[in-house]
Structures are given as C-alpha cells and as structure tokens.
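Trainee: File upload_35.cif follows (mmCIF, C-alpha atoms):
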```cif
data_entry
#
loop_
_atom_site.label_atom_id
_atom_site.label_comp_id
_atom_site.auth_asym_id
_atom_site.auth_seq_id
_atom_site.Cartn_x
_atom_site.Cartn_y
_atom_site.Cartn_z
CA MET A 1 -22.17 -38.80 13.86
CA LYS A 2 -23.53 -38.42 10.39
CA ILE A 3 -22.64 -34.86 9.42
CA GLY A 4 -23.67 -32.94 6.29
CA LEU A 5 -21.68 -29.99 4.97
CA GLN A 6 -22.76 -27.48 2.33
CA ALA A 7 -20.45 -25.04 0.56
CA TRP A 8 -20.89 -22.49 -2.20
CA GLY A 9 -18.63 -20.04 -4.03
CA SER A 10 -15.06 -19.94 -5.25
CA GLU A 11 -12.36 -22.49 -4.54
CA GLY A 12 -11.35 -20.38 -1.54
CA ASP A 13 -14.89 -20.63 -0.14
CA ILE A 14 -15.01 -24.40 -0.62
CA GLN A 15 -11.51 -25.40 0.53
CA PRO A 16 -12.32 -24.94 4.26
CA PHE A 17 -15.12 -27.45 3.81
CA THR A 18 -12.91 -30.00 2.06
CA ALA A 19 -10.45 -29.62 4.95
CA LEU A 20 -13.23 -30.00 7.52
CA ALA A 21 -14.72 -33.00 5.70
CA ALA A 22 -11.36 -34.79 5.64
CA GLY A 23 -10.83 -34.07 9.33
CA LEU A 24 -14.29 -35.24 10.33
CA VAL A 25 -13.82 -38.52 8.47
CA ASN A 26 -10.48 -39.01 10.20
CA ALA A 27 -12.24 -38.40 13.53
CA GLY A 28 -14.67 -41.24 12.80
CA HIS A 29 -17.67 -39.38 11.43
CA GLU A 30 -19.68 -40.19 8.30
CA VAL A 31 -19.56 -37.09 6.11
CA THR A 32 -21.44 -35.81 3.06
CA LEU A 33 -20.32 -32.59 1.37
CA ALA A 34 -22.63 -30.76 -1.05
CA VAL A 35 -20.69 -28.33 -3.25
CA THR A 36 -21.75 -25.53 -5.56
CA ASP A 37 -18.61 -24.20 -7.21
CA ASN A 38 -19.15 -21.02 -9.18
CA ILE A 39 -17.20 -22.27 -12.20
CA GLY A 40 -17.90 -25.98 -11.80
CA ARG A 41 -14.57 -27.26 -10.42
CA ASP A 42 -14.44 -31.00 -9.75
CA TYR A 43 -13.77 -32.03 -6.13
CA SER A 44 -14.39 -35.75 -6.61
CA ASP A 45 -10.71 -36.70 -6.38
CA LEU A 46 -10.42 -35.11 -2.94
CA ALA A 47 -13.60 -36.88 -1.81
CA ARG A 48 -12.19 -40.25 -2.91
CA ARG A 49 -8.83 -39.59 -1.26
CA PHE A 50 -10.31 -38.65 2.11
CA GLY A 51 -13.39 -40.85 2.24
CA TYR A 52 -16.37 -38.53 2.27
CA LYS A 53 -19.40 -38.50 0.00
CA LEU A 54 -19.52 -35.64 -2.49
CA ILE A 55 -22.71 -34.18 -3.95
CA PRO A 56 -22.04 -31.65 -6.73
CA VAL A 57 -24.86 -29.09 -7.01
CA PRO A 58 -24.10 -27.23 -10.25
CA ASN A 59 -25.62 -23.96 -11.34
CA PRO A 60 -28.29 -24.88 -13.92
CA GLN A 61 -27.71 -21.54 -15.63
CA MET A 62 -23.92 -21.69 -15.78
CA ALA A 63 -22.84 -18.65 -17.79
CA SER A 64 -20.55 -18.82 -20.82
CA LYS A 65 -16.91 -17.86 -20.37
CA GLU A 66 -17.60 -14.61 -22.22
CA GLU A 67 -20.47 -13.76 -19.88
CA VAL A 68 -18.38 -14.59 -16.80
CA VAL A 69 -15.64 -12.21 -17.95
CA ARG A 70 -18.18 -9.47 -18.73
CA VAL A 71 -19.79 -9.73 -15.31
CA TRP A 72 -16.41 -10.01 -13.62
CA ARG A 73 -15.14 -6.82 -15.24
CA GLN A 74 -18.36 -5.11 -14.17
CA ILE A 75 -17.87 -6.26 -10.57
CA ILE A 76 -14.30 -4.94 -10.47
CA GLU A 77 -15.24 -1.61 -12.05
CA LEU A 78 -18.08 -1.08 -9.56
CA GLY A 79 -15.72 -1.04 -6.61
CA ASN A 80 -18.64 -0.65 -4.19
CA PRO A 81 -18.81 -3.88 -2.07
CA ILE A 82 -22.59 -3.73 -1.66
CA GLN A 83 -23.18 -3.39 -5.39
CA GLN A 84 -20.62 -6.13 -5.98
CA ALA A 85 -22.53 -8.41 -3.60
CA GLU A 86 -25.77 -7.78 -5.47
CA LEU A 87 -24.17 -8.80 -8.77
CA VAL A 88 -22.62 -11.91 -7.21
CA MET A 89 -26.00 -12.96 -5.81
CA ARG A 90 -27.87 -12.22 -9.02
CA HIS A 91 -25.49 -14.15 -11.28
CA GLY A 92 -23.85 -16.69 -8.95
CA PHE A 93 -26.37 -17.56 -6.23
CA ASP A 94 -29.97 -16.89 -7.24
CA PRO A 95 -29.99 -19.27 -10.25
CA VAL A 96 -28.80 -22.16 -8.09
CA MET A 97 -30.75 -21.38 -4.91
CA GLU A 98 -33.51 -23.94 -5.52
CA PRO A 99 -31.11 -26.82 -6.33
CA MET A 100 -29.07 -25.90 -3.24
CA TYR A 101 -32.24 -25.92 -1.15
CA ALA A 102 -33.15 -29.36 -2.46
CA ALA A 103 -29.65 -30.59 -1.58
CA ALA A 104 -29.96 -28.95 1.86
CA ARG A 105 -33.22 -30.78 2.56
CA ASP A 106 -31.58 -34.07 1.56
CA LEU A 107 -28.62 -33.35 3.87
CA CYS A 108 -30.94 -32.61 6.78
CA ALA A 109 -32.96 -35.77 6.13
CA ALA A 110 -29.85 -37.99 6.07
CA ASN A 111 -27.65 -36.46 8.79
CA GLU A 112 -27.67 -35.78 12.52
CA ALA A 113 -26.08 -32.34 12.16
CA VAL A 114 -25.19 -29.94 9.35
CA VAL A 115 -22.61 -27.19 8.82
CA GLY A 116 -22.91 -24.60 6.06
CA HIS A 117 -21.10 -21.69 4.46
CA PHE A 118 -22.53 -18.56 6.04
CA PHE A 119 -23.96 -17.39 2.68
CA VAL A 120 -25.93 -20.63 2.20
CA TYR A 121 -29.18 -19.60 3.86
CA PRO A 122 -31.13 -22.48 2.25
CA LEU A 123 -29.34 -24.88 4.62
CA ARG A 124 -30.37 -22.79 7.64
CA VAL A 125 -33.98 -22.90 6.46
CA ALA A 126 -33.90 -26.65 5.77
CA ALA A 127 -32.30 -27.38 9.16
CA GLU A 128 -34.85 -25.27 11.01
CA LYS A 129 -37.69 -27.01 9.20
CA ALA A 130 -36.24 -30.45 9.95
CA GLY A 131 -35.19 -29.70 13.52
CA VAL A 132 -31.58 -30.65 12.77
CA PRO A 133 -28.71 -28.92 14.66
CA VAL A 134 -26.89 -26.51 12.35
CA ALA A 135 -23.68 -24.49 12.47
CA THR A 136 -22.47 -21.73 10.17
CA LEU A 137 -18.90 -21.25 9.00
CA ASN A 138 -17.50 -17.78 8.27
CA ILE A 139 -14.22 -17.50 6.36
CA VAL A 140 -13.65 -13.86 7.33
CA HIS A 141 -14.19 -12.07 10.63
CA ASN A 142 -15.65 -8.73 9.59
CA CYS A 143 -19.21 -9.92 8.90
CA LEU A 144 -20.13 -9.98 12.60
CA PRO A 145 -21.02 -6.59 14.08
CA SER A 146 -18.73 -5.39 16.86
CA ALA A 147 -17.76 -2.10 18.44
CA TRP A 148 -14.13 -3.24 18.02
CA ILE A 149 -14.19 -4.11 14.28
CA CYS A 150 -14.41 -1.68 11.38
CA PRO A 151 -17.53 -2.44 9.29
CA PRO A 152 -16.84 -3.98 5.85
CA GLY A 153 -16.51 -1.44 3.07
CA PHE A 154 -16.47 1.43 5.56
CA PRO A 155 -13.45 3.76 5.90
CA ASN A 156 -11.64 3.21 9.19
CA LEU A 157 -12.03 6.59 10.85
CA GLY A 158 -11.57 5.17 14.34
CA ARG A 159 -13.79 3.34 16.81
CA TRP A 160 -15.99 6.38 17.33
CA SER A 161 -17.31 5.87 13.78
CA TYR A 162 -18.01 2.12 14.01
CA PRO A 163 -21.60 2.29 15.39
CA LEU A 164 -22.72 4.52 12.54
CA GLY A 165 -20.80 2.37 10.06
CA TRP A 166 -22.40 -0.84 11.27
CA TRP A 167 -25.85 0.72 11.17
CA LEU A 168 -25.30 1.74 7.56
CA VAL A 169 -23.67 -1.52 6.45
CA ARG A 170 -26.34 -3.67 8.06
CA LYS A 171 -29.05 -1.58 6.45
CA LEU A 172 -27.47 -2.04 3.01
CA VAL A 173 -26.78 -5.76 3.51
CA ASN A 174 -30.36 -6.31 4.67
CA ARG A 175 -31.66 -4.50 1.60
CA ILE A 176 -29.87 -7.02 -0.66
CA PHE A 177 -30.21 -10.26 1.29
CA LEU A 178 -33.32 -10.10 3.49
CA PRO A 179 -35.88 -10.21 0.64
CA ARG A 180 -34.16 -13.34 -0.70
CA VAL A 181 -33.91 -15.00 2.71
CA ASN A 182 -37.42 -14.17 3.84
CA THR A 183 -39.03 -15.21 0.56
CA LEU A 184 -37.79 -18.73 1.22
CA ARG A 185 -38.50 -18.66 4.96
CA THR A 186 -42.10 -17.45 4.66
CA ARG A 187 -42.75 -19.79 1.74
CA ASP A 188 -41.91 -22.66 4.08
CA GLY A 189 -43.89 -21.30 7.01
CA LEU A 190 -41.00 -19.90 9.04
CA ARG A 191 -40.88 -16.53 10.73
CA ALA A 192 -39.16 -13.76 8.78
CA GLU A 193 -35.77 -12.63 10.00
CA THR A 194 -34.89 -9.00 10.66
CA ASP A 195 -31.09 -8.90 10.35
CA VAL A 196 -28.85 -10.88 8.02
CA MET A 197 -25.51 -10.51 9.78
CA THR A 198 -26.66 -11.54 13.26
CA GLN A 199 -29.33 -14.07 12.27
CA THR A 200 -28.97 -15.48 8.74
CA TRP A 201 -25.16 -15.55 8.68
CA ALA A 202 -24.65 -16.81 12.25
CA ALA A 203 -26.38 -19.94 13.55
CA ASP A 204 -27.71 -19.89 17.11
CA ARG A 205 -25.72 -22.89 18.40
CA LEU A 206 -22.38 -22.41 16.70
CA ASN A 207 -20.84 -19.95 14.28
CA LEU A 208 -17.30 -20.98 13.38
CA ILE A 209 -14.83 -18.29 12.29
CA ALA A 210 -12.18 -20.09 10.24
CA VAL A 211 -9.43 -17.56 10.93
CA SER A 212 -6.25 -17.98 12.94
CA PRO A 213 -6.51 -16.59 16.48
CA GLN A 214 -3.18 -14.92 15.73
CA ILE A 215 -5.18 -12.69 13.37
CA CYS A 216 -8.63 -12.55 14.95
CA HIS A 217 -8.95 -11.94 18.68
CA PRO A 218 -12.65 -12.32 19.52
CA PRO A 219 -13.98 -8.93 20.63
CA PRO A 220 -15.72 -8.83 24.04
CA ASP A 221 -19.13 -8.04 22.54
CA TRP A 222 -19.39 -11.27 20.52
CA ASP A 223 -21.61 -13.84 22.21
CA VAL A 224 -20.56 -17.40 22.98
CA ARG A 225 -21.84 -18.92 19.73
CA HIS A 226 -19.06 -17.14 17.78
CA GLN A 227 -15.95 -19.31 18.01
CA VAL A 228 -12.60 -18.61 16.33
CA CYS A 229 -11.40 -22.10 15.41
CA GLY A 230 -8.39 -21.18 13.29
CA PHE A 231 -7.43 -21.63 9.65
CA LEU A 232 -8.99 -24.74 8.10
CA ASN A 233 -5.87 -25.67 6.20
CA PRO A 234 -6.64 -28.17 3.38
CA PRO A 235 -4.62 -31.39 3.71
CA ALA A 236 -4.16 -31.57 -0.07
CA SER A 237 -4.56 -29.37 -3.12
CA LEU A 238 -7.36 -29.73 -5.64
CA ILE A 239 -5.20 -31.02 -8.48
CA SER A 240 -1.79 -32.25 -7.28
CA ASP A 241 0.54 -32.00 -4.30
CA ASP A 242 3.59 -32.40 -6.56
CA LEU A 243 5.67 -29.48 -7.81
CA PRO A 244 5.20 -28.72 -11.52
CA ALA A 245 8.04 -30.01 -13.69
CA GLY A 246 11.07 -27.74 -13.52
CA LEU A 247 9.88 -25.65 -10.58
CA ASP A 248 12.21 -27.18 -8.01
CA GLU A 249 15.19 -26.49 -10.27
CA PHE A 250 14.02 -22.91 -10.85
CA LEU A 251 13.61 -22.27 -7.11
CA ALA A 252 17.08 -23.63 -6.42
CA ALA A 253 18.77 -21.68 -9.22
CA GLY A 254 18.75 -18.20 -7.70
CA ASP A 255 17.28 -15.74 -5.23
CA PRO A 256 13.80 -16.50 -3.82
CA PRO A 257 11.27 -15.30 -6.40
CA VAL A 258 8.15 -13.19 -6.03
CA TYR A 259 5.03 -15.36 -6.45
CA PHE A 260 2.08 -13.82 -8.33
CA THR A 261 -1.44 -15.23 -8.13
CA PHE A 262 -4.92 -13.78 -8.28
CA GLY A 263 -6.40 -17.20 -7.53
CA SER A 264 -10.09 -17.56 -8.27
CA MET A 265 -10.26 -13.86 -9.14
CA MET A 266 -8.73 -14.67 -12.55
CA PRO A 267 -11.50 -15.68 -14.97
CA ILE A 268 -10.47 -18.25 -17.57
CA SER A 269 -10.23 -15.82 -20.46
CA LEU A 270 -7.07 -15.53 -22.54
CA ASP A 271 -7.50 -11.78 -23.07
CA TYR A 272 -8.02 -11.10 -19.37
CA ILE A 273 -5.14 -13.33 -18.28
CA GLN A 274 -2.79 -11.80 -20.86
CA GLU A 275 -3.80 -8.34 -19.69
CA THR A 276 -3.01 -9.25 -16.08
CA ALA A 277 0.22 -11.08 -16.95
CA ALA A 278 1.40 -8.02 -18.90
CA ILE A 279 1.02 -5.87 -15.77
CA TRP A 280 2.92 -8.42 -13.71
CA SER A 281 5.63 -8.76 -16.36
CA GLU A 282 6.24 -5.02 -16.61
CA ALA A 283 6.50 -4.72 -12.83
CA VAL A 284 8.98 -7.61 -12.66
CA HIS A 285 11.04 -6.14 -15.50
CA ARG A 286 11.27 -2.80 -13.70
CA ILE A 287 12.39 -4.42 -10.45
CA GLY A 288 14.65 -7.04 -12.03
CA CYS A 289 13.54 -9.79 -9.64
CA ARG A 290 12.85 -13.47 -10.28
CA ALA A 291 9.19 -14.37 -10.36
CA ILE A 292 6.59 -17.14 -10.57
CA PHE A 293 3.33 -16.44 -12.39
CA GLN A 294 0.27 -18.55 -11.66
CA LEU A 295 -1.81 -18.40 -14.84
CA PRO A 296 -4.99 -20.50 -15.20
CA TRP A 297 -4.60 -21.24 -18.91
CA PRO A 298 -3.87 -24.67 -20.45
CA ASP A 299 -1.28 -23.38 -22.96
CA LEU A 300 1.32 -21.38 -21.05
CA SER A 301 3.24 -20.71 -24.26
CA ALA A 302 0.69 -17.95 -24.86
CA PHE A 303 2.64 -15.82 -22.36
CA PRO A 304 6.17 -14.42 -22.85
CA CYS A 305 8.84 -15.95 -20.65
CA GLY A 306 12.47 -15.32 -19.76
CA ASP A 307 15.10 -17.07 -17.66
CA ARG A 308 13.99 -15.17 -14.55
CA LEU A 309 10.31 -16.10 -14.88
CA PHE A 310 8.57 -19.42 -14.25
CA LYS A 311 4.96 -19.96 -15.39
CA LEU A 312 2.55 -22.53 -13.95
CA GLN A 313 -1.17 -23.19 -13.83
CA ARG A 314 -1.18 -23.88 -10.10
CA SER A 315 1.10 -25.22 -7.38
CA PRO A 316 0.94 -26.66 -3.84
CA TYR A 317 1.21 -23.48 -1.77
CA LYS A 318 2.52 -25.31 1.30
CA LYS A 319 5.64 -26.36 -0.61
CA VAL A 320 6.20 -23.27 -2.76
CA PHE A 321 5.34 -20.19 -0.67
CA PRO A 322 8.04 -20.79 1.98
CA ARG A 323 10.66 -20.66 -0.80
CA CYS A 324 9.52 -17.27 -2.14
CA SER A 325 10.49 -13.76 -1.04
CA LEU A 326 6.92 -12.48 -1.02
CA VAL A 327 3.53 -13.25 -2.52
CA VAL A 328 1.44 -10.84 -4.58
CA HIS A 329 -2.14 -12.04 -4.38
CA HIS A 330 -5.81 -11.10 -4.39
CA GLY A 331 -6.49 -11.32 -0.67
CA GLY A 332 -8.78 -14.34 -0.59
CA ALA A 333 -9.16 -15.85 2.88
CA GLY A 334 -7.46 -19.14 1.97
CA THR A 335 -4.56 -17.67 0.04
CA THR A 336 -4.01 -14.98 2.69
CA GLN A 337 -3.71 -17.49 5.52
CA SER A 338 -1.62 -19.87 3.39
CA VAL A 339 0.87 -17.05 2.82
CA LEU A 340 0.93 -16.20 6.53
CA LEU A 341 1.34 -19.85 7.52
CA ALA A 342 4.32 -20.00 5.15
CA GLY A 343 5.84 -17.04 6.99
CA ARG A 344 6.00 -14.80 3.92
CA PRO A 345 5.12 -11.12 3.55
CA ALA A 346 2.53 -10.09 0.98
CA ILE A 347 1.06 -7.43 -1.22
CA ILE A 348 -2.69 -7.72 -1.63
CA VAL A 349 -4.26 -6.52 -4.87
CA ALA A 350 -7.88 -6.47 -3.74
CA HIS A 351 -10.66 -7.14 -6.23
CA VAL A 352 -13.81 -7.30 -4.06
CA SER A 353 -15.10 -6.41 -0.61
CA ASP A 354 -13.54 -8.72 1.99
CA GLN A 355 -10.16 -8.63 0.24
CA PHE A 356 -9.73 -4.97 1.19
CA PHE A 357 -10.36 -5.99 4.79
CA TRP A 358 -7.71 -8.71 4.58
CA GLY A 359 -5.31 -6.13 3.18
CA ALA A 360 -5.99 -3.82 6.12
CA GLU A 361 -5.54 -6.71 8.57
CA LEU A 362 -2.15 -7.68 7.12
CA GLU A 363 -1.01 -4.06 7.20
CA ARG A 364 -2.14 -3.89 10.86
CA LEU A 365 -0.11 -7.02 11.61
CA GLY A 366 2.96 -5.54 9.91
CA VAL A 367 3.34 -8.36 7.39
CA ALA A 368 2.29 -6.69 4.13
CA GLY A 369 2.81 -3.63 2.00
CA LYS A 370 0.11 -1.12 1.13
CA THR A 371 -3.03 -2.74 -0.27
CA LEU A 372 -3.59 -2.05 -3.97
CA LYS A 373 -6.78 -2.12 -6.04
CA ARG A 374 -7.23 -4.39 -9.04
CA LYS A 375 -9.42 -1.70 -10.57
CA ARG A 376 -7.18 0.18 -13.04
CA LEU A 377 -4.05 -1.50 -11.66
CA LYS A 378 -0.86 -0.22 -13.28
CA ALA A 379 2.60 -1.77 -13.32
CA GLY A 380 4.11 1.37 -11.80
CA LYS A 381 2.07 1.06 -8.60
CA LEU A 382 2.71 -2.67 -8.41
CA ASP A 383 6.48 -2.47 -8.83
CA ALA A 384 6.67 0.37 -6.28
CA GLY A 385 4.77 -1.76 -3.78
CA ILE A 386 6.96 -4.81 -4.37
CA SER A 387 10.16 -2.76 -4.10
CA GLN A 388 9.02 -1.26 -0.80
CA VAL A 389 8.28 -4.67 0.72
CA LEU A 390 11.59 -6.13 -0.47
CA ALA A 391 13.39 -3.13 1.06
CA ARG A 392 11.73 -3.63 4.47
CA PRO A 393 13.18 -6.80 6.08
CA GLY A 394 11.06 -6.15 9.16
CA LEU A 395 7.98 -7.26 7.22
CA ALA A 396 9.57 -10.61 6.38
CA SER A 397 10.69 -11.05 9.99
CA ALA A 398 7.21 -10.30 11.34
CA ALA A 399 5.64 -12.66 8.79
CA SER A 400 8.07 -15.43 9.76
CA ASP A 401 7.23 -15.00 13.46
CA LEU A 402 3.50 -15.04 12.71
CA GLY A 403 3.84 -18.15 10.55
CA GLN A 404 5.67 -20.00 13.33
CA ARG A 405 2.87 -19.20 15.78
CA MET A 406 0.20 -20.28 13.29
CA ALA A 407 2.04 -23.57 12.73
CA THR A 408 1.26 -24.59 16.33
CA GLU A 409 -2.51 -24.35 15.69
CA ASN A 410 -4.87 -27.02 14.40
CA GLY A 411 -7.98 -25.25 13.16
CA VAL A 412 -9.60 -28.42 11.85
CA ALA A 413 -9.25 -30.24 15.18
CA THR A 414 -10.60 -27.23 17.06
CA ALA A 415 -13.57 -26.95 14.69
CA ILE A 416 -14.35 -30.66 15.04
CA ASP A 417 -14.25 -30.45 18.83
CA LEU A 418 -16.68 -27.51 18.76
CA ILE A 419 -19.02 -29.29 16.32
CA GLU A 420 -19.08 -32.43 18.45
CA LYS A 421 -19.78 -30.45 21.62
CA ARG A 422 -22.28 -27.94 20.26
CA LEU A 423 -24.14 -30.07 17.70
CA GLY A 424 -23.68 -33.58 19.00
CA ASP A 425 -25.33 -33.33 22.41
CA GLY A 426 -28.60 -31.75 21.32
CA LYS A 427 -28.08 -28.62 23.40
#
```
Represent the supplied structure as structure tokens.

Mentor:
Amino acid sequence: MKIGLQAWGSEGDIQPFTALAAGLVNAGHEVTLAVTDNIGRDYSDLARRFGYKLIPVPNPQMASKEEVVRVWRQIIELGNPIQQAELVMRHGFDPVMEPMYAAARDLCAANEAVVGHFFVYPLRVAAEKAGVPVATLNIVHNCLPSAWICPPGFPNLGRWSYPLGWWLVRKLVNRIFLPRVNTLRTRDGLRAETDVMTQTWAADRLNLIAVSPQICHPPPDWDVRHQVCGFLNPPASLISDDLPAGLDEFLAAGDPPVYFTFGSMMPISLDYIQETAAIWSEAVHRIGCRAIFQLPWPDLSAFPCGDRLFKLQRSPYKKVFPRCSLVVHHGGAGTTQSVLLAGRPAIIVAHVSDQFFWGAELERLGVAGKTLKRKRLKAGKLDAGISQVLARPGLASAASDLGQRMATENGVATAIDLIEKRLGDGK
C-alpha cells in the first residue's frame, strides 16, 4: 500500500512515526511521512536510511529562542494541564495548522491510507473529505475515557470519582479544542463534532495506543477500534547510534551511574540549561554517585565537570540505559518506555500533563520513586528521591523483570498488522 503518516510535536511525539515508517517500508509499503517538529529538528537522515519520503512542514511563525524559553517557563509555572494545553496549542499548533492541513490534503490525495498523531485533527478532516481510510496514534493511554482509568490531571481518589473526573476533563478539553476542530470541519462542509477525546482523537476504524501491553491493559469499556500495539521503538536515533567519545571508558571505570535527561523539555537556552544542571549537580554532590548529564548545548565546557560526571549532548538510549543504575527523566512517553525496556528504575520529574500520569503509572508498577515536579524543583528533593530509589533494590528487580517482558514484544510489527487489516481492506 501507499501509506501517509503525519506527526507533530516534540521528538518524543515524532519518534513513534519514524519507527512506524521504517517498519512499513521494511514490510513492503511505500511511505510518506509529514513532520512538524516544534523546534525544527531535521529527520532527513533517518528518512534516507530507512527509505521513506519525508515532508517537513515547519511552523511559519517559529518563535525565537528567547520567546520559546519565556513560553516554556510560563507553561511550567502554570502547572494546570488544561491551561498548559491551551498555551501549547496557541504557540505550537495554531500557527502551523493551515500548512499541516495542506500537507494532510496532499497525503490523502497520494496515498491509499493515512495514520496521524492524535492531536493532528487536520489529517482527520482531510481524510474524511477525501474518503481515505485513516487511523490515529496515541502515545499515552489516559486520553481515552474509561471507568477504569483516572482522568488526566485529576487527583486519583479512587474509581468512584472517575465518572465525575471524566465529565469535568472532557468539558475542559472540549472548551479548548472543539472550537478549533469545528472551525475547520464546518469550513469544509463537514458535520461538527461534539467530543474531542472520543471523536477527534480516536479514528473510527483504528486508534493505535503505542504503549506496551505490560503497562496498559485495555479496559473492558474500550471499543474494538482502540488497540494497544506496544511501544514503537525507533530502530535508530536521530543523530547517531554510536557512543559519544569517552563514554564507554567512563561507564566501565566504576559503579553504574545515574543518567539525567529532561529530553525535549529542555529548551536550548544556556541560562535555563545551566539552571537545571546546577540542580542536578548539587543533588549528585550530596549523594556522591557517578552521573551522566544529557545537556542540549553545543559547548559542554560551559558546565562544571568532575571525574565522577560525564556530560553529553545526547546518546543512544538502547546502549546506555542498561548500563546505568537509574534514570532521572521528564516522563515523556518515548523516554519512559526506553527506560523500562532497558530494565532500569526511574525518577520522573514531570513538567506537563501526561508526564504526571506516566509517573503515577511507574509508581503503580513498582519501578520508580515518587514523582517530582519540575516547577520549583530543588536539589534537596531530587537527591532524596534518588537516594530512596538506590536504597530499594526491589525497584531495580521489578524494572528488570518488566524490561525482559517488554523485550519479547514487537510494537511496530503489531501496529503494521493492524494497519494492514483495518485500513487495507476498505472495511
């Protein structure tokens, strides 16, 4: 088949689509991937390596680095996931909606089926207009209402509270998203939708949940379109699959280090990165452990370093995480499942909405310490959390067992099989 994919967001949002694109090509399909990365990362090398066509769809109003940092600090300080979502849409989605819609129409005109990030409602509209089979892809499993899942951003008071929580969350989500969705739908002569979570974010034929079934057990009130395919593990990293110079020697020279990364939650601002690195450094100094800091800055000499600390811009998680004692990270879907697949325990320092959910899930699974907040994070809380995880070998054992079970899965193959069956036969 000719299959079009459309992704938007951070690197963690887009990586499942690069993994799926590579897998689809390997399965004999002709693939086009349209990408809108919120800071303009270049995915062309991956496209060349794995044989799919890449269409970058940049934001025509890409903010300056200073503006990105200002908005990012505002998002973190808000704390409220609904207000955070409004800011993300206003600054990161709305300015690029029309170019994404144009790309979506092109994908639908050139392909027999399309698959889109659940946020990318322009693709749903274009597919409906063109009569092309469409699937959505969710990278987290708490955006689908269920009597068995705590609503996002809602305190978990027990299942008795979930119906009220879902009513409230859906009302707030609809207030932000429905006017945007229905403006486009009615403009193109389509019927307005009434609920974002069950309509806009979940296609009628197939809604893939790219989460390991070891983590997400489909609740009995989900209908058959919702399919947990498993983690869409990228076959290669964005930059390089090789270890940075000196890292192998550092890993071999002592006890397994603690790995620190806030992934795409770290804006490329020297002040902000230095502020974050200072918190990490103080926590490491208090504990006295070895550590690896992932810092997205071209000149790593801007950050203090000792014999027990290794600095890098990025690394291939598949090779590095298994050699660490634990990973301190932001709780993005991709990083979270990469840590679990490596069999390592974690501490999540959540920045925005779904990351708090991932923290709660890892605590439920017994593979992580208490979830922390990036808002007003202090070294004292961080070092206490790290010390507690290091002192609880049961967390590492549970993480190792979970990682071994995840290693038997093939999320990409499962997703491809579902796409071929649900989108390829016209039913």

Trainee: The PyMOL selection byres ((chain A and resi 393) around 12) - which residues does that actually catch in the file I just gave you? List them as a list in words.

Mentor: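 Going through the file, the PyMOL selection byres ((chain A and resi 393) around 12) ends up selecting Ser325, Leu326, Arg344, Pro345, Gly366, Val367, Ala368, Gly369, Ser387, Gln388, Val389, Leu390, Ala391, Arg392, Gly394, Leu395, Ala396, Ser397, Ala398, Ala399 and Ser400 of chain A.
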
Trainee: Quick one: everything within 6 Å of A:Phe118, counting only C-alpha atoms, minus sequence neighbours fewer than 5 positions away in the same chain. Send it as a compact mmCIF listing (two decimals) with C-alpha atoms, keeping the file's coordinate frame.

Mentor:
```txt
# COMPACT_ATOMS: atom_id res chain seq x y z
CA THR A 136 -22.47 -21.73 10.17
CA LEU A 137 -18.90 -21.25 9.00
CA ASN A 138 -17.50 -17.78 8.27
CA TRP A 201 -25.16 -15.55 8.68
```

Trainee: Taking (-40.4, -14.2, 8.4) in the file's own coordinates, collect the residues within 12 Å, counting only C-alpha atoms, and hand them back as a ChimeraX atom specification.

Mentor: /A:125,178-195,199-200

Trainee: Name the residues captured by the PyMOL selection byres ((chain A and resi 298-315) around 10) when it is applied to the shown file; answer as a PyMOL selection string.

Mentor: chain A and resi 237-247+250-251+253-255+257-261+263+268+270+273-274+277-278+281+284-285+288-297+316-321

Trainee: Using only C-alpha atoms, which residues sit within 7 Å of stretch 213-218 of chain A once same-chain residues fewer than 5 positions away are excluded, as a list of chain:residue names?

Mentor: A:Val228, A:Gly230, A:Met406

Trainee: Give me, please, the distance in Å between atom CA of A:Gly92 and atom CA of A:Glu361, quoted to one decimal.

Mentor: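 Those two atoms sit 27.2 Å apart.
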
Trainee: So what does the PyMOL selection byres ((chain A and resi 371) around 8) actually pick up in this one, as JSON, numbers by chain?

Mentor: {"A": [347, 348, 349, 350, 356, 359, 360, 363, 368, 369, 370, 372, 373]}

Trainee: How many Å lie between atom CA of A:Leu54 and atom CA of A:Val35, rounded to one decimal?

Mentor: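 So the two atoms, atom CA of A:Leu54 and atom CA of A:Val35, lie 7.4 Å apart.
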
Trainee: Need the shell around A:Gly12: protein/DNA/RNA residues with any atom at most 12 Å away, counting all atoms listed in the file. Skip same-chain ones fewer than 5 positions apart. Format as an MDAnalysis selection string?

Mentor: chainID A and resid 7 17:19 37:38 41 117 138:140 210 231:234 237:238 262:265 330:338 355

Trainee: Compare A:Ile82, A:Ala34, A:Met197, A:Ala104 by their minimum atom-to-atom distance to A:Leu144, counting only C-alpha atoms, and give me the closest one.

Mentor: A:Met197

Trainee: Name all residues at most 8 Å from A:Arg124 (count all atoms listed in the file; drop same-chain ones fewer than 6 positions away) and give them as a PyMOL selection string.

Mentor: chain A and resi 116+134+200+203

Trainee: Looking at A:Val88, A:Leu20, A:Ile3, A:Val169, which one is nearest to A:Leu107, with distances taken over only C-alpha atoms?

Mentor: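 Of all the options, A:Ile3 lies closest to A:Leu107.
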
Trainee: For stretch 421-424 of chain A, please output as an NGL selection string all residues within 10 Å (counting all atoms listed in the file; exclusion window: fewer than 2 positions along the same chain).

Mentor: :A and (1-3 or 112-115 or 132-135 or 205-206 or 225 or 415-419 or 426-427)

Trainee: When you draw a straight line from atom CA of A:Thr408 to atom CA of A:Trp8, how long is it in Å?

Mentor: 29.0 Å

Trainee: In terms of the shortest atom-to-atom distance over all atoms listed in the file, which of A:Leu87, A:Ala127, A:Val211, A:Ile14 is closest to A:Asp106?

Mentor: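 Looking at the shortest contact to A:Asp106, the residue is A:Ala127.
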
Trainee: From the options A:Ala379, A:Leu402, A:Leu46, A:Ala384, which residue's atoms come nearest to A:Leu362, counting all atoms listed in the file?

Mentor: A:Leu402

Trainee: From the options A:Tyr272, A:Trp222, A:Tyr101, A:Trp280, which residue's atoms come nearest to A:Asn142, counting only C-alpha atoms?

Mentor: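 Distance minimum relative to A:Asn142 lands on A:Trp222.
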